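Have a look at the structure below before the remarks.
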Amino acid sequence: MDFTGKLGKYKIIETEDKTKTLWSEFFDEACHNLSGAYEETLYNYIQGCHIPEQIAQGSDVHVLDVGFGLGIGLKAFMAQLETTQGLKIKASYTSMELDEDLFLWSAKETFPLLVFTKKDNFYTSTHPLLSITVFIGDGRKTLPEAFKNGLLPKFTAIFQDAFSPKKNPALWTLEWFNDLKMMADNQVYLSTYSASVSIRKTMIASGWKITNAKGFGQKKTMTKARLVGLSDPILEAELSRSTTLVLTDI
Ligand SMILES: C[S@@+](CC[C@H](N)C(=O)[O-])C[C@H]1O[C@@H](n2cnc3c(N)ncnc32)[C@H](O)[C@@H]1O
């Protein structure tokens with residue numbers, strides 16, 4: 001059933017892989033590609049951030065999902081951890097959600113068996129395979145604050161899954177990518193469905209090293225980023241010729 005949250009109406013849409021996404025009235029956009037919400041998440045974030053390889057290496061895996069939405073990023077990460085249960089690694093999932101009603105709806109809908117407990121401005125849930133924390137409110141404030149207070153691990157994977165730069169510009173600025181850099185492990189993998197020139201220029205200006213990758217479904221390209229190595233030199237040269245401006249907070 002469609003529902004109304006703190007930020008207006010949400011419409012439930014079935015995507016082509018039969019999993020659901022939501023269209024948000026406030027952002028006027030759907031949370032996922034209509035070709036398949038779950039398949040897109042697997043492709044863009046689980047594979048895009050090399051989660052299976054990170055788990056197989058036996059090192060700790062700490063995911064930041066930029067926007068909880070329906071919690072599909074968490075569902076796909078948990079499924080990946082379940083396939084490799086023998087490995088003794090530390091895993092965590094951190095996310096942020098502006099609309100608390102949406103978080104509560106998704107928690108019930110996507111994770112009927114998980115119990116979430118609220119403390120201050122975040123919800124946590126304990127699970128044998130990972131610890132889960134979702135901050136309520138503007139992630140540009142809640143996450144850097146929590147990080148500075150020593151409440152967050154250094155992220156080894158960042159699912160940059162905000163709404164599009166057009167509809168959700170606040171989560172694509174130089175300041176935001178600087179904060180992500182501050183909260184990231186040196187070996188982090190960042191992945192996003194967006195291939196926009198302005199966000200790529202913004203990521204480079206923030207010090208991220210970016211590469212082009214084939215996008216999910218009909219999408220030609222997407223962007224992957226790291227803090228080590230170099231940006232793709234052809235891509236970097238192309239971007240430097242573009243007059244598009246770096247995005248900053250107003
Ligand atoms: C595209 S959806 C994320 C989908 C999600 N990763 C999933 O797998 O279901 C983006 C989410 O980010 C949230 N959001 C947008 N701006 C935000 C902000 N400044 N702080 C926290 N959450 C925000 C939106 O409410 C929305 O739920």
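A note on labels: chains of the structure tokens are A, B, ... as shown, every chain counts residues from 1, and ligands are counted from 1 in their shown order.
Those residues that approach Asp28 (chain A) to within 10 Å, counting only C-alpha atoms, are A:Lys9, A:Tyr10, A:Phe163, A:Lys167, A:Asn168; same-chain residues fewer than 6 positions away are not listed.
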query = Do you know which residues are within 8 Å of ligand 1 using only C-alpha atoms and all ligand atoms? Can you write them as an MDAnalysis selection string?
reply = chainID A and resid 7 21 24 27 30:32 37:38 41 65:74 96:99 102:103 135:140 159 161:164 168 170:171
message = Which residue is closest to Ala213 (chain A)? Choose from A:Thr15, A:Ser198, A:Thr173, A:Thr192 and count only C-alpha atoms.
response =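 For Ala213 (chain A), the nearest of the given residues is A:Thr192.
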query = How many Å lie between CA of Glu16 (chain A) and CA of Asn33 (chain A), rounded to one decimal?
reply =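 Separation between CA of Glu16 (chain A) and CA of Asn33 (chain A): 9.2 Å.
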Just list the residues in region 21-220 of chain A DSSP gives strand (DSSP E) on the backbone, as a PDB file with C-alpha atoms, in the first residue's frame.
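Writing the result to states-v7.pdb gives the following:
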```pdb
ATOM      1  CA  THR A  21      11.009   0.393  -5.150  1.00  0.00           C
ATOM      2  CA  LEU A  22       9.382   3.618  -3.956  1.00  0.00           C
ATOM      3  CA  TRP A  23       8.704   6.858  -5.784  1.00  0.00           C
ATOM      4  CA  SER A  24       9.105   9.831  -3.453  1.00  0.00           C
ATOM      5  CA  GLU A  29      12.042  10.378  -8.209  1.00  0.00           C
ATOM      6  CA  ALA A  30      12.082   6.615  -7.690  1.00  0.00           C
ATOM      7  CA  VAL A  61      33.937  -4.831   5.824  1.00  0.00           C
ATOM      8  CA  HIS A  62      32.280  -1.576   6.816  1.00  0.00           C
ATOM      9  CA  VAL A  63      29.557  -0.332   4.477  1.00  0.00           C
ATOM     10  CA  LEU A  64      28.119   3.186   4.292  1.00  0.00           C
ATOM     11  CA  ASP A  65      24.872   3.325   2.300  1.00  0.00           C
ATOM     12  CA  ALA A  91      31.067  -6.393   9.317  1.00  0.00           C
ATOM     13  CA  SER A  92      28.952  -3.304   9.783  1.00  0.00           C
ATOM     14  CA  TYR A  93      26.324  -1.392   7.858  1.00  0.00           C
ATOM     15  CA  THR A  94      25.743   2.322   8.460  1.00  0.00           C
ATOM     16  CA  SER A  95      23.156   4.440   6.713  1.00  0.00           C
ATOM     17  CA  MET A  96      21.251   7.710   7.001  1.00  0.00           C
ATOM     18  CA  GLU A  97      17.630   8.600   6.370  1.00  0.00           C
ATOM     19  CA  THR A 117      16.064   0.058  18.847  1.00  0.00           C
ATOM     20  CA  LYS A 118      16.255   3.843  18.875  1.00  0.00           C
ATOM     21  CA  LYS A 119      18.952   5.667  20.818  1.00  0.00           C
ATOM     22  CA  PHE A 122      19.918   6.551  15.418  1.00  0.00           C
ATOM     23  CA  TYR A 123      18.406   3.082  15.225  1.00  0.00           C
ATOM     24  CA  THR A 124      20.496  -0.031  15.746  1.00  0.00           C
ATOM     25  CA  SER A 125      19.879  -3.702  15.285  1.00  0.00           C
ATOM     26  CA  THR A 126      22.028  -6.629  16.224  1.00  0.00           C
ATOM     27  CA  SER A 131      26.053  -4.516  13.312  1.00  0.00           C
ATOM     28  CA  ILE A 132      23.519  -2.127  11.791  1.00  0.00           C
ATOM     29  CA  THR A 133      23.142   1.605  12.487  1.00  0.00           C
ATOM     30  CA  VAL A 134      20.840   4.033  10.697  1.00  0.00           C
ATOM     31  CA  PHE A 135      21.030   7.741  11.530  1.00  0.00           C
ATOM     32  CA  ILE A 136      17.823   9.762  11.263  1.00  0.00           C
ATOM     33  CA  PHE A 155      34.213   2.733   5.747  1.00  0.00           C
ATOM     34  CA  THR A 156      35.645   0.195   3.320  1.00  0.00           C
ATOM     35  CA  ALA A 157      32.657   0.490   0.936  1.00  0.00           C
ATOM     36  CA  ILE A 158      30.502   3.507   0.131  1.00  0.00           C
ATOM     37  CA  PHE A 159      27.243   3.021  -1.775  1.00  0.00           C
ATOM     38  CA  ALA A 184      36.686   6.356   4.563  1.00  0.00           C
ATOM     39  CA  ASP A 185      39.366   3.742   5.008  1.00  0.00           C
ATOM     40  CA  ASN A 186      42.386   4.341   2.767  1.00  0.00           C
ATOM     41  CA  GLN A 187      41.432   1.177   0.778  1.00  0.00           C
ATOM     42  CA  VAL A 188      37.766   2.163   0.328  1.00  0.00           C
ATOM     43  CA  TYR A 189      35.708   1.386  -2.776  1.00  0.00           C
ATOM     44  CA  LEU A 190      33.065   4.001  -3.656  1.00  0.00           C
ATOM     45  CA  SER A 191      30.518   3.259  -6.332  1.00  0.00           C
ATOM     46  CA  THR A 192      27.624   5.224  -7.797  1.00  0.00           C
ATOM     47  CA  LYS A 209      40.415   8.869  -8.131  1.00  0.00           C
ATOM     48  CA  ILE A 210      37.675   7.920 -10.543  1.00  0.00           C
ATOM     49  CA  THR A 211      37.100   5.383 -13.280  1.00  0.00           C
ATOM     50  CA  ASN A 212      34.336   4.739 -15.754  1.00  0.00           C
ATOM     51  CA  ALA A 213      32.377   1.481 -15.640  1.00  0.00           C
ATOM     52  CA  LYS A 214      29.493  -0.006 -17.614  1.00  0.00           C
TER      53      LYS A 214
END
```
task = Between CA of Ile89 (chain A) and CA of Phe147 (chain A), measure the distance and give it in Å to one decimal.
result = 21.5 Å
query = What lies within 8 Å of Phe77 (chain A) using only C-alpha atoms, ignoring chain neighbours under 4 positions off, as a PyMOL selection string?
reply = chain A and resi 46+51+73+81
query = What does the distance between CA of Tyr193 (chain A) and CA of Trp208 (chain A) come to in Å, to one decimal place?
reply =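 Those two atoms sit 15.9 Å apart.
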